[in-house]
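Reproduced below: upload-v1.csv, with CSV, C-alpha atoms.
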chain,number,residue,atom,x,y,z
A,1,MET,CA,-0.8,8.7,-45.2
A,2,ARG,CA,-4.2,10.3,-45.2
A,3,PRO,CA,-5.2,11.7,-41.8
A,4,GLU,CA,-8.4,9.7,-41.5
A,5,ALA,CA,-6.4,6.5,-42.0
A,6,SER,CA,-4.6,7.0,-38.7
A,7,LEU,CA,-7.8,7.2,-36.7
A,8,PRO,CA,-7.9,4.4,-34.2
A,9,PRO,CA,-10.6,1.9,-34.8
A,10,VAL,CA,-12.2,2.4,-31.4
A,11,VAL,CA,-15.9,2.3,-30.8
A,12,PRO,CA,-17.4,3.7,-27.5
A,13,GLN,CA,-19.0,0.5,-26.6
A,14,ALA,CA,-17.3,-2.7,-27.6
A,15,GLY,CA,-20.0,-4.4,-29.6
A,16,HIS,CA,-18.4,-7.8,-30.0
A,17,PHE,CA,-19.3,-8.9,-26.5
A,18,GLY,CA,-22.9,-9.7,-27.1
A,19,ASP,CA,-24.3,-8.5,-23.8
A,20,GLU,CA,-23.5,-6.2,-20.9
A,21,ALA,CA,-22.9,-9.0,-18.5
A,22,SER,CA,-20.0,-10.5,-20.4
A,23,ARG,CA,-18.7,-6.9,-21.0
A,24,GLN,CA,-18.6,-6.4,-17.2
A,25,ASP,CA,-16.9,-9.8,-16.7
A,26,ALA,CA,-14.1,-8.9,-19.1
A,27,ALA,CA,-13.7,-5.4,-17.5
A,28,HIS,CA,-13.5,-6.9,-14.0
A,29,LEU,CA,-11.0,-9.6,-15.1
A,30,GLY,CA,-8.8,-6.9,-16.7
A,31,MET,CA,-8.9,-4.8,-13.6
A,32,TRP,CA,-7.9,-7.8,-11.4
A,33,ILE,CA,-5.0,-8.5,-13.7
A,34,PHE,CA,-3.9,-4.9,-13.3
A,35,ILE,CA,-4.3,-5.1,-9.5
A,36,ALA,CA,-2.2,-8.3,-9.5
A,37,SER,CA,0.6,-6.4,-11.3
A,38,GLU,CA,0.3,-3.6,-8.7
A,39,VAL,CA,0.5,-6.2,-6.0
A,40,MET,CA,3.8,-7.4,-7.6
A,41,LEU,CA,5.2,-3.9,-7.6
A,42,PHE,CA,4.6,-3.5,-3.9
A,43,THR,CA,5.7,-7.0,-3.2
A,44,ALA,CA,9.2,-6.1,-4.4
A,45,LEU,CA,9.2,-3.3,-1.8
A,46,PHE,CA,7.8,-5.4,1.0
A,47,THR,CA,10.3,-8.2,0.2
A,48,ALA,CA,13.1,-5.6,0.6
A,49,TYR,CA,11.6,-4.6,3.9
A,50,ALA,CA,11.3,-8.2,5.0
A,51,PHE,CA,14.9,-8.9,4.1
A,52,TYR,CA,16.4,-5.9,5.8
A,53,ARG,CA,14.2,-6.4,8.8
A,54,TYR,CA,15.6,-9.9,9.0
A,55,ALA,CA,19.1,-8.5,8.7
A,56,TYR,CA,18.6,-5.6,11.2
A,57,PRO,CA,15.8,-6.7,13.6
A,58,ASP,CA,16.7,-4.2,16.4
A,59,ALA,CA,16.9,-1.2,14.1
A,60,PHE,CA,13.6,-2.1,12.4
A,61,HIS,CA,11.9,-2.8,15.7
A,62,GLN,CA,13.1,0.6,17.2
A,63,GLY,CA,12.2,2.5,14.0
A,64,ARG,CA,8.7,3.0,15.2
A,65,LEU,CA,9.9,5.0,18.2
A,66,HIS,CA,11.0,7.7,15.8
A,67,MET,CA,7.8,7.7,13.8
A,68,GLU,CA,4.7,9.9,14.3
A,69,VAL,CA,2.5,7.0,15.4
A,70,GLY,CA,-0.5,9.2,16.1
A,71,LEU,CA,-0.4,10.8,12.6
A,72,GLY,CA,0.1,7.4,11.0
A,73,THR,CA,-2.8,5.9,12.9
A,74,LEU,CA,-5.0,8.9,12.1
A,75,ASN,CA,-4.1,8.4,8.4
A,76,THR,CA,-5.2,4.7,8.6
A,77,TYR,CA,-8.6,5.8,9.9
A,78,VAL,CA,-8.8,8.5,7.1
A,79,LEU,CA,-8.1,6.0,4.3
A,80,VAL,CA,-10.4,3.3,5.7
A,81,THR,CA,-13.2,5.8,6.0
A,82,SER,CA,-12.7,7.0,2.5
A,83,SER,CA,-12.8,3.4,1.3
A,84,ILE,CA,-16.2,3.0,3.1
A,85,LEU,CA,-17.5,6.1,1.4
A,86,VAL,CA,-16.5,4.7,-2.0
A,87,ALA,CA,-18.3,1.4,-1.2
A,88,LEU,CA,-21.4,3.4,-0.1
A,89,ALA,CA,-21.2,5.4,-3.4
A,90,ILE,CA,-21.5,2.2,-5.4
A,91,SER,CA,-24.5,1.1,-3.3
A,92,ALA,CA,-26.1,4.5,-3.9
A,93,VAL,CA,-25.7,4.2,-7.7
A,94,ARG,CA,-27.1,0.7,-7.5
A,95,ALA,CA,-30.1,2.2,-5.7
A,96,GLY,CA,-30.5,4.8,-8.4
A,97,ARG,CA,-29.2,7.8,-6.3
A,98,ASP,CA,-26.6,9.5,-8.5
A,99,LEU,CA,-26.4,12.7,-6.5
A,100,ARG,CA,-25.7,10.9,-3.3
A,101,ALA,CA,-23.1,8.8,-5.0
A,102,GLY,CA,-21.4,11.9,-6.4
A,103,GLY,CA,-21.4,13.5,-2.9
A,104,LEU,CA,-19.9,10.3,-1.3
A,105,LEU,CA,-17.1,10.2,-4.0
A,106,LEU,CA,-16.3,13.9,-3.3
A,107,GLY,CA,-16.1,13.0,0.4
A,108,ALA,CA,-13.7,10.2,-0.3
A,109,LEU,CA,-11.6,12.6,-2.5
A,110,ALA,CA,-11.5,15.1,0.3
A,111,LEU,CA,-10.2,12.4,2.7
A,112,GLY,CA,-7.5,11.6,0.1
A,113,VAL,CA,-6.4,15.3,0.4
A,114,VAL,CA,-6.4,15.0,4.2
A,115,PHE,CA,-4.3,11.9,3.9
A,116,LEU,CA,-1.7,13.7,1.8
A,117,PHE,CA,-1.6,16.7,4.1
A,118,ILE,CA,-1.0,14.5,7.1
A,119,LYS,CA,1.7,12.6,5.2
A,120,GLY,CA,3.3,15.9,4.2
A,121,ALA,CA,3.4,17.0,7.8
A,122,GLU,CA,5.2,13.7,8.7
A,123,TYR,CA,7.6,14.1,5.8
A,124,THR,CA,8.5,17.6,6.9
A,125,GLN,CA,9.2,16.4,10.4
A,126,HIS,CA,11.4,13.6,9.2
A,127,ALA,CA,13.3,16.0,6.8
A,128,HIS,CA,13.8,18.4,9.8
A,129,ASP,CA,15.2,15.5,11.9
A,130,GLY,CA,17.6,14.5,9.0
A,131,ALA,CA,15.9,11.2,8.7
A,132,LEU,CA,16.2,11.2,4.9
A,133,PRO,CA,16.7,8.3,2.5
A,134,GLY,CA,19.9,6.8,1.4
A,135,ALA,CA,23.1,8.8,1.4
A,136,TRP,CA,21.3,11.9,2.9
A,137,TYR,CA,20.5,10.1,6.2
A,138,ASP,CA,21.7,12.3,9.0
A,139,PHE,CA,19.6,11.5,12.1
A,140,GLU,CA,21.8,11.6,15.2
A,141,ALA,CA,19.1,10.3,17.6
A,142,PHE,CA,18.7,7.0,15.6
A,143,SER,CA,22.1,6.1,14.4
A,144,MET,CA,22.4,2.4,14.8
A,145,PRO,CA,23.3,-0.1,12.0
A,146,GLY,CA,20.3,-0.5,9.7
A,147,ALA,CA,18.6,2.7,10.9
A,148,SER,CA,19.2,4.5,7.5
A,149,LEU,CA,17.8,1.4,5.8
A,150,PHE,CA,14.6,1.6,7.8
A,151,PHE,CA,14.1,5.3,6.8
A,152,THR,CA,15.1,4.6,3.2
A,153,LEU,CA,12.4,2.0,2.9
A,154,TYR,CA,10.0,4.2,4.8
A,155,TRP,CA,10.5,7.0,2.2
A,156,VAL,CA,10.4,4.7,-0.8
A,157,MET,CA,7.4,2.7,0.3
A,158,THR,CA,5.3,5.6,1.5
A,159,GLY,CA,6.4,7.7,-1.5
A,160,VAL,CA,5.3,5.1,-4.0
A,161,HIS,CA,2.1,4.7,-2.0
A,162,ALA,CA,1.5,8.5,-2.0
A,163,VAL,CA,1.9,8.6,-5.8
A,164,HIS,CA,-0.9,5.9,-5.9
A,165,VAL,CA,-3.0,8.1,-3.7
A,166,LEU,CA,-2.5,11.0,-6.1
A,167,VAL,CA,-3.5,8.9,-9.1
A,168,GLY,CA,-6.5,7.5,-7.1
A,169,MET,CA,-7.6,11.1,-6.3
A,170,GLY,CA,-7.6,11.8,-10.1
A,171,VAL,CA,-9.7,8.7,-10.6
A,172,LEU,CA,-12.1,9.7,-7.8
A,173,SER,CA,-12.6,13.2,-9.1
A,174,THR,CA,-13.3,12.0,-12.6
A,175,LEU,CA,-15.8,9.5,-11.3
A,176,ALA,CA,-17.5,12.1,-9.1
A,177,VAL,CA,-18.0,14.4,-12.0
A,178,ARG,CA,-19.4,11.6,-14.1
A,179,ALA,CA,-21.7,10.5,-11.3
A,180,LEU,CA,-23.0,14.0,-10.8
A,181,SER,CA,-23.6,14.5,-14.5
A,182,GLY,CA,-25.7,11.3,-14.6
A,183,HIS,CA,-23.4,9.1,-16.6
A,184,PHE,CA,-24.0,6.1,-14.4
A,185,SER,CA,-27.2,4.1,-13.9
A,186,VAL,CA,-28.3,1.0,-12.1
A,187,ALA,CA,-27.6,-1.0,-15.2
A,188,TYR,CA,-24.3,0.6,-16.1
A,189,HIS,CA,-21.7,1.7,-13.6
A,190,THR,CA,-18.7,-0.5,-14.4
A,191,PRO,CA,-16.2,2.5,-14.4
A,192,LEU,CA,-17.3,3.4,-10.9
A,193,GLU,CA,-16.7,-0.2,-9.7
A,194,LEU,CA,-13.3,-0.4,-11.3
A,195,GLY,CA,-12.1,3.0,-10.1
A,196,GLY,CA,-13.4,2.2,-6.7
A,197,MET,CA,-11.3,-1.0,-6.7
A,198,TYR,CA,-8.2,1.1,-7.4
A,199,TRP,CA,-8.9,3.2,-4.4
A,200,HIS,CA,-9.4,0.1,-2.2
A,201,LEU,CA,-6.1,-1.2,-3.5
A,202,VAL,CA,-4.5,2.1,-2.3
A,203,ASP,CA,-6.2,1.5,1.1
A,204,ILE,CA,-5.0,-2.2,1.2
A,205,VAL,CA,-1.3,-1.2,0.7
A,206,TRP,CA,-1.5,1.3,3.5
A,207,LEU,CA,-3.1,-1.4,5.8
A,208,PHE,CA,0.2,-3.3,5.5
A,209,LEU,CA,2.5,-0.2,5.6
A,210,TRP,CA,0.9,1.0,8.8
A,211,PRO,CA,1.7,-2.0,11.1
A,212,LEU,CA,5.1,-2.6,9.5
A,213,LEU,CA,6.3,1.0,9.8
A,214,TYR,CA,4.4,2.4,12.8
A,215,LEU,CA,3.3,-0.4,15.1
A,216,ALA,CA,5.5,-3.4,15.4
B,1,MET,CA,-30.7,0.2,1.2
B,2,ALA,CA,-29.7,-3.3,2.1
B,3,GLY,CA,-26.5,-2.9,0.1
B,4,SER,CA,-25.6,0.3,2.0
B,5,LEU,CA,-26.2,-1.4,5.4
B,6,LYS,CA,-24.0,-4.3,4.4
B,7,MET,CA,-21.2,-1.9,3.3
B,8,LEU,CA,-21.6,0.0,6.5
B,9,GLY,CA,-21.4,-3.2,8.5
B,10,VAL,CA,-18.2,-4.2,6.7
B,11,GLY,CA,-16.8,-0.7,7.3
B,12,LEU,CA,-17.6,-0.9,11.0
B,13,GLY,CA,-15.7,-4.2,11.1
B,14,LEU,CA,-12.7,-2.5,9.4
B,15,LEU,CA,-12.7,0.3,11.9
B,16,VAL,CA,-13.0,-2.1,14.8
B,17,LEU,CA,-10.1,-4.2,13.5
B,18,THR,CA,-8.0,-1.0,13.0
B,19,THR,CA,-8.6,0.0,16.6
B,20,LEU,CA,-7.8,-3.5,17.8
B,21,SER,CA,-4.5,-3.5,15.9
B,22,PHE,CA,-3.6,-0.2,17.4
B,23,ALA,CA,-4.6,-1.2,21.0
B,24,LEU,CA,-2.6,-4.5,20.7
B,25,SER,CA,0.5,-2.6,19.5
B,26,ARG,CA,0.5,-0.6,22.7
B,27,LEU,CA,1.3,-3.9,24.6
B,28,HIS,CA,4.8,-4.1,22.9
B,29,THR,CA,4.8,-7.8,22.4
B,30,GLY,CA,7.8,-8.0,20.0
B,31,THR,CA,7.7,-10.6,17.2
B,32,LEU,CA,4.4,-11.9,18.3
B,33,GLY,CA,3.0,-8.4,18.0
B,34,LEU,CA,4.2,-8.1,14.4
B,35,VAL,CA,2.6,-11.5,13.5
B,36,VAL,CA,-0.7,-10.5,15.1
B,37,ALA,CA,-0.7,-7.1,13.4
B,38,LEU,CA,-0.1,-8.7,10.0
B,39,VAL,CA,-2.9,-11.3,10.6
B,40,ILE,CA,-5.3,-8.4,11.5
B,41,ALA,CA,-4.2,-6.6,8.3
B,42,ALA,CA,-4.8,-9.7,6.2
B,43,ALA,CA,-8.3,-10.1,7.7
B,44,LYS,CA,-9.1,-6.5,6.8
B,45,VAL,CA,-7.8,-7.1,3.2
B,46,GLY,CA,-10.0,-10.1,3.0
B,47,LEU,CA,-13.1,-8.0,4.0
B,48,ILE,CA,-12.2,-5.3,1.5
B,49,ALA,CA,-11.4,-7.6,-1.4
B,50,PHE,CA,-14.5,-9.8,-0.9
B,51,PHE,CA,-17.1,-7.1,-0.2
B,52,TYR,CA,-15.7,-3.7,-1.4
B,53,MET,CA,-13.9,-5.0,-4.5
B,54,HIS,CA,-16.8,-7.2,-5.6
B,55,LEU,CA,-15.1,-10.6,-5.3
B,56,SER,CA,-18.2,-11.9,-3.7
B,57,GLU,CA,-20.1,-11.2,-6.9
B,58,ARG,CA,-17.4,-12.5,-9.3
B,59,GLN,CA,-16.6,-16.2,-9.3
B,60,GLY,CA,-13.9,-17.7,-11.5
B,61,GLY,CA,-11.3,-15.5,-13.3
B,62,PRO,CA,-10.9,-12.6,-10.8
B,63,ARG,CA,-10.5,-15.0,-7.8
B,64,LEU,CA,-8.0,-17.1,-9.8
B,65,VAL,CA,-5.9,-14.0,-10.8
B,66,ILE,CA,-5.6,-12.6,-7.3
B,67,ALA,CA,-5.0,-16.0,-5.7
B,68,THR,CA,-2.2,-16.6,-8.2
B,69,ALA,CA,-0.7,-13.2,-7.3
B,70,PHE,CA,-0.6,-14.1,-3.6
B,71,VAL,CA,1.0,-17.4,-4.4
B,72,PHE,CA,3.7,-15.5,-6.3
B,73,VAL,CA,4.1,-13.1,-3.3
B,74,ALA,CA,4.6,-16.1,-1.0
B,75,ILE,CA,7.2,-17.6,-3.3
B,76,LEU,CA,9.2,-14.4,-3.7
B,77,MET,CA,9.1,-13.4,0.0
B,78,GLY,CA,9.5,-17.0,1.2
B,79,LEU,CA,12.5,-17.8,-0.9
B,80,VAL,CA,14.3,-14.5,-0.1
B,81,LEU,CA,13.8,-15.1,3.6
B,82,VAL,CA,14.8,-18.7,3.5
B,83,GLU,CA,18.0,-17.8,1.6
B,84,ALA,CA,18.7,-14.9,4.0
B,85,GLY,CA,18.3,-17.3,7.0
B,86,ASP,CA,20.9,-19.6,5.4
B,87,ARG,CA,23.6,-17.0,5.1
B,88,ALA,CA,26.6,-16.4,7.2
B,89,ALA,CA,26.0,-13.2,9.1
B,90,PRO,CA,28.9,-11.1,7.6
B,91,THR,CA,27.5,-11.5,4.1
B,92,MET,CA,24.4,-9.5,5.0
B,93,PRO,CA,24.3,-6.4,2.9
B,94,PRO,CA,25.2,-3.5,3.1
B,95,GLY,CA,26.0,-2.3,6.6
B,96,PRO,CA,26.7,-1.6,9.2
B,97,PHE,CA,27.7,2.0,8.7
B,98,GLN,CA,27.8,5.1,10.8
B,99,PRO,CA,25.1,7.7,10.0
B,100,LEU,CA,27.7,10.3,8.9
B,101,LEU,CA,29.7,7.9,6.8
B,102,LEU,CA,27.2,6.6,4.4
B,103,PRO,CA,27.9,5.6,0.8
B,104,GLY,CA,28.3,8.7,-1.3
B,105,ARG,CA,28.9,11.0,1.7
B,106,SER,CA,32.5,10.0,2.4
B,107,THR,CA,35.1,12.5,1.2
B,108,VAL,CA,38.1,10.4,2.2
B,109,PRO,CA,39.6,8.3,-0.7
B,110,LYS,CA,38.4,4.8,-0.7
B,111,VAL,CA,41.0,2.2,0.4
B,112,ALA,CA,40.7,-1.6,0.4
B,113,PRO,CA,40.0,-3.1,3.8
B,114,PRO,CA,43.0,-4.8,5.4
B,115,ARG,CA,43.2,-8.5,4.6
B,116,ALA,CA,43.2,-11.1,7.2
B,117,SER,CA,46.7,-12.7,7.5
B,118,PRO,CA,46.8,-16.0,5.7
B,119,GLY,CA,48.0,-19.0,7.5
B,120,GLU,CA,46.3,-20.7,10.4
B,121,GLY,CA,42.7,-21.8,9.9
B,122,SER,CA,42.8,-21.6,6.1
B,123,PRO,CA,42.7,-24.8,4.1
Take the structure I supplied and represent it as structure tokens, if you would.
Amino acid sequence: MRPEASLPPVVPQAGHFGDEASRQDAAHLGMWIFIASEVMLFTALFTAYAFYRYAYPDAFHQGRLHMEVGLGTLNTYVLVTSSILVALAISAVRAGRDLRAGGLLLGALALGVVFLFIKGAEYTQHAHDGALPGAWYDFEAFSMPGASLFFTLYWVMTGVHAVHVLVGMGVLSTLAVRALSGHFSVAYHTPLELGGMYWHLVDIVWLFLWPLLYLA
Amino acid sequence: MAGSLKMLGVGLGLLVLTTLSFALSRLHTGTLGLVVALVIAAAKVGLIAFFYMHLSERQGGPRLVIATAFVFVAILMGLVLVEAGDRAAPTMPPGPFQPLLLPGRSTVPKVAPPRASPGEGSP
């Protein structure tokens, strides 16, 4: 096979769409289908949580007494604020202010780092207590039936969420660089909208994890 | 500028709802507290999806996709909970177990649990 024959037939801008509006429509629809598949991924975990909470209501209700509620709540404010910054970045690009948008995206990225640091501090505390997932659970202070399930779900749910935070930080840093180098304009900023939607999804998942694991 | 103000207004709403959720959780109202916290979370998700994720600007396809996803969520979670509620309690998996005798940790050889003596009560 000749090397040039294996080149993918990709053009930088899909020309078959006719105009930019239908291109944007297709991009947004695709992003929503991706988000729906992410919703299904987390639904499996939330369903497991619902089932085990039904089976062990006392353990799951008391679980929050062994959580760092202050740190979890602080993390909620951190993620919500970073979502606000991303939304403001899109407004800035739409107003033609690229530098401001880049700065706002870097701010959202920094809050993502703060979130992971706080989460890491929590994980360290739980590991120190012995509140580890599955067969490693060894937490004397919370040793009722179902307690290990609470912490197993806590580690899996927040762990999968933390991986999404990491991916989202990669997306935000790419978008910040592109915004600062003037790739986006009032007429074209679809990647910024779609990447921002991913970051909002990360926020949304945490908005359900927080009350379930820390509050109620 | 108007766009930024709208986004800031929505953000302020999100922060207020977060504070409300935290304040209500201090009241320790049990199951009702859980329901209220989830309703507040759903309200915040609605604000984020509609304004921050551009659903307000996108009719048709995107709204249909995400609405379908939430119908599937309701079917999965609803059926699992209905089925769980219909079970006899001892069939609930997998516990209870002691914190130091979890699956995989036990060093004693596994033996079958003693069987209940047959006879009275069995058909």
For chain A, the nearest of the candidates B:Leu55, B:Val16, B:Val45, B:Val71, counting only C-alpha atoms
B:Val45
Shell around Leu149 in chain A at 8 Å using only C-alpha atoms, local window under 6 positions removed, as a list in words
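Non-adjacent residues within range: Tyr52, Pro133 and Gly134 of chain A.
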File dump, residues just selected, C-alpha atoms, as a PDB file, in the frame of the given file:
ATOM      1  CA  TYR A  52      16.400  -5.900   5.800  1.00  0.00           C
ATOM      2  CA  PRO A 133      16.700   8.300   2.500  1.00  0.00           C
ATOM      3  CA  GLY A 134      19.900   6.800   1.400  1.00  0.00           C
TER       4      GLY A 134
END
Closest of A:Gly30, A:Gly96, A:Gly196, A:Pro191 to Ala108 in chain A - atom-to-atom distances counting all atoms listed in the file
A:Gly196
Measure the distance from CA of Ala127 in chain A to CA of Val160 in chain A in Å and round it to one decimal.
17.3 Å
Polymer residues at most 12 Å from Leu192 in chain A, all atoms listed in the file, same-chain spacing of 6 or more positions, as a PyMOL selection string:
(chain A and resi 24+27-28+86-94+98+101-102+105+171-179+183-186+198-199) or (chain B and resi 52-54)
With C-alpha atoms kept, could you save the residues just selected as a PDB file, keeping the file's coordinate frame?
ATOM      1  CA  GLN A  24     -18.600  -6.400 -17.200  1.00  0.00           C
ATOM      2  CA  ALA A  27     -13.700  -5.400 -17.500  1.00  0.00           C
ATOM      3  CA  HIS A  28     -13.500  -6.900 -14.000  1.00  0.00           C
ATOM      4  CA  VAL A  86     -16.500   4.700  -2.000  1.00  0.00           C
ATOM      5  CA  ALA A  87     -18.300   1.400  -1.200  1.00  0.00           C
ATOM      6  CA  LEU A  88     -21.400   3.400  -0.100  1.00  0.00           C
ATOM      7  CA  ALA A  89     -21.200   5.400  -3.400  1.00  0.00           C
ATOM      8  CA  ILE A  90     -21.500   2.200  -5.400  1.00  0.00           C
ATOM      9  CA  SER A  91     -24.500   1.100  -3.300  1.00  0.00           C
ATOM     10  CA  ALA A  92     -26.100   4.500  -3.900  1.00  0.00           C
ATOM     11  CA  VAL A  93     -25.700   4.200  -7.700  1.00  0.00           C
ATOM     12  CA  ARG A  94     -27.100   0.700  -7.500  1.00  0.00           C
ATOM     13  CA  ASP A  98     -26.600   9.500  -8.500  1.00  0.00           C
ATOM     14  CA  ALA A 101     -23.100   8.800  -5.000  1.00  0.00           C
ATOM     15  CA  GLY A 102     -21.400  11.900  -6.400  1.00  0.00           C
ATOM     16  CA  LEU A 105     -17.100  10.200  -4.000  1.00  0.00           C
ATOM     17  CA  VAL A 171      -9.700   8.700 -10.600  1.00  0.00           C
ATOM     18  CA  LEU A 172     -12.100   9.700  -7.800  1.00  0.00           C
ATOM     19  CA  SER A 173     -12.600  13.200  -9.100  1.00  0.00           C
ATOM     20  CA  THR A 174     -13.300  12.000 -12.600  1.00  0.00           C
ATOM     21  CA  LEU A 175     -15.800   9.500 -11.300  1.00  0.00           C
ATOM     22  CA  ALA A 176     -17.500  12.100  -9.100  1.00  0.00           C
ATOM     23  CA  VAL A 177     -18.000  14.400 -12.000  1.00  0.00           C
ATOM     24  CA  ARG A 178     -19.400  11.600 -14.100  1.00  0.00           C
ATOM     25  CA  ALA A 179     -21.700  10.500 -11.300  1.00  0.00           C
ATOM     26  CA  HIS A 183     -23.400   9.100 -16.600  1.00  0.00           C
ATOM     27  CA  PHE A 184     -24.000   6.100 -14.400  1.00  0.00           C
ATOM     28  CA  SER A 185     -27.200   4.100 -13.900  1.00  0.00           C
ATOM     29  CA  VAL A 186     -28.300   1.000 -12.100  1.00  0.00           C
ATOM     30  CA  TYR A 198      -8.200   1.100  -7.400  1.00  0.00           C
ATOM     31  CA  TRP A 199      -8.900   3.200  -4.400  1.00  0.00           C
TER      32      TRP A 199
ATOM     33  CA  TYR B  52     -15.700  -3.700  -1.400  1.00  0.00           C
ATOM     34  CA  MET B  53     -13.900  -5.000  -4.500  1.00  0.00           C
ATOM     35  CA  HIS B  54     -16.800  -7.200  -5.600  1.00  0.00           C
TER      36      HIS B  54
END
Neighbour list for Ala74 in chain B as number ranges by chain, cut-off 12 Å, all atoms listed in the file, skip fewer than 4 positions in-chain:
A: 39-40, 43-44, 46-47, 50; B: 67-70, 78-82
For the selection just defined, write its residues with C-alpha atoms to a file, as an mmCIF file, in the coordinates of the input.
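Output contents, as saved in again_13.cif:
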data_model
loop_
_atom_site.group_PDB
_atom_site.id
_atom_site.type_symbol
_atom_site.label_atom_id
_atom_site.label_comp_id
_atom_site.auth_asym_id
_atom_site.auth_seq_id
_atom_site.Cartn_x
_atom_site.Cartn_y
_atom_site.Cartn_z
ATOM 1 C CA VAL A 39 0.500 -6.200 -6.000
ATOM 2 C CA MET A 40 3.800 -7.400 -7.600
ATOM 3 C CA THR A 43 5.700 -7.000 -3.200
ATOM 4 C CA ALA A 44 9.200 -6.100 -4.400
ATOM 5 C CA PHE A 46 7.800 -5.400 1.000
ATOM 6 C CA THR A 47 10.300 -8.200 0.200
ATOM 7 C CA ALA A 50 11.300 -8.200 5.000
ATOM 8 C CA ALA B 67 -5.000 -16.000 -5.700
ATOM 9 C CA THR B 68 -2.200 -16.600 -8.200
ATOM 10 C CA ALA B 69 -0.700 -13.200 -7.300
ATOM 11 C CA PHE B 70 -0.600 -14.100 -3.600
ATOM 12 C CA GLY B 78 9.500 -17.000 1.200
ATOM 13 C CA LEU B 79 12.500 -17.800 -0.900
ATOM 14 C CA VAL B 80 14.300 -14.500 -0.100
ATOM 15 C CA LEU B 81 13.800 -15.100 3.600
ATOM 16 C CA VAL B 82 14.800 -18.700 3.500
#
Ala49 in chain B surroundings by all atoms listed in the file, 10 Å radius, close-in-sequence under 2 positions cut, as a PyMOL selection string
(chain A and resi 197+200-201+204) or (chain B and resi 43-47+51-56+63+66)
Surrounding residues of Leu14 in chain B excluding itself and chain neighbours under 5 positions, 10 Å, all atoms listed in the file, as a list in words
Tyr77, Val80, Thr81 and Ile84 of chain A; Leu8, Gly9, Thr19, Leu20, Ile40, Ala41, Ala43, Lys44, Val45, Leu47 and Ile48 of chain B
Å distance separating CA of Leu213 in chain A from CA of Leu132 in chain A, one decimal place
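Computing it gives 15.0 Å between the two atoms.
Using all atoms listed in the file, the shortest contact distance between Glu122 in chain A and any of A:Asn75, A:Ser181, A:Ser148, A:Gln62 is found at A:Asn75.
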State, in Å with one decimal place, the distance from CA of Phe22 in chain B to CA of Val202 in chain A.
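That distance, rounded to one decimal, is 19.9 Å.
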Name the closest residue to chain A among the candidates B:Lys6, B:Arg87, B:Phe72, B:Leu34; distances are taken between atoms, counting all atoms listed in the file.
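Closest to chain A, using all atoms listed in the file: B:Leu34.
Among the candidate residues A:Val165, A:Ile118, A:Ala187, A:Ala141, the one lying nearest to chain B is A:Ala141, with distances computed using only C-alpha atoms.
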Selected residue, from B:Val10, B:Val35, B:Leu5, B:Pro62, that lies nearest to chain A when counting only C-alpha atoms
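Closest to chain A, using only C-alpha atoms: B:Pro62.
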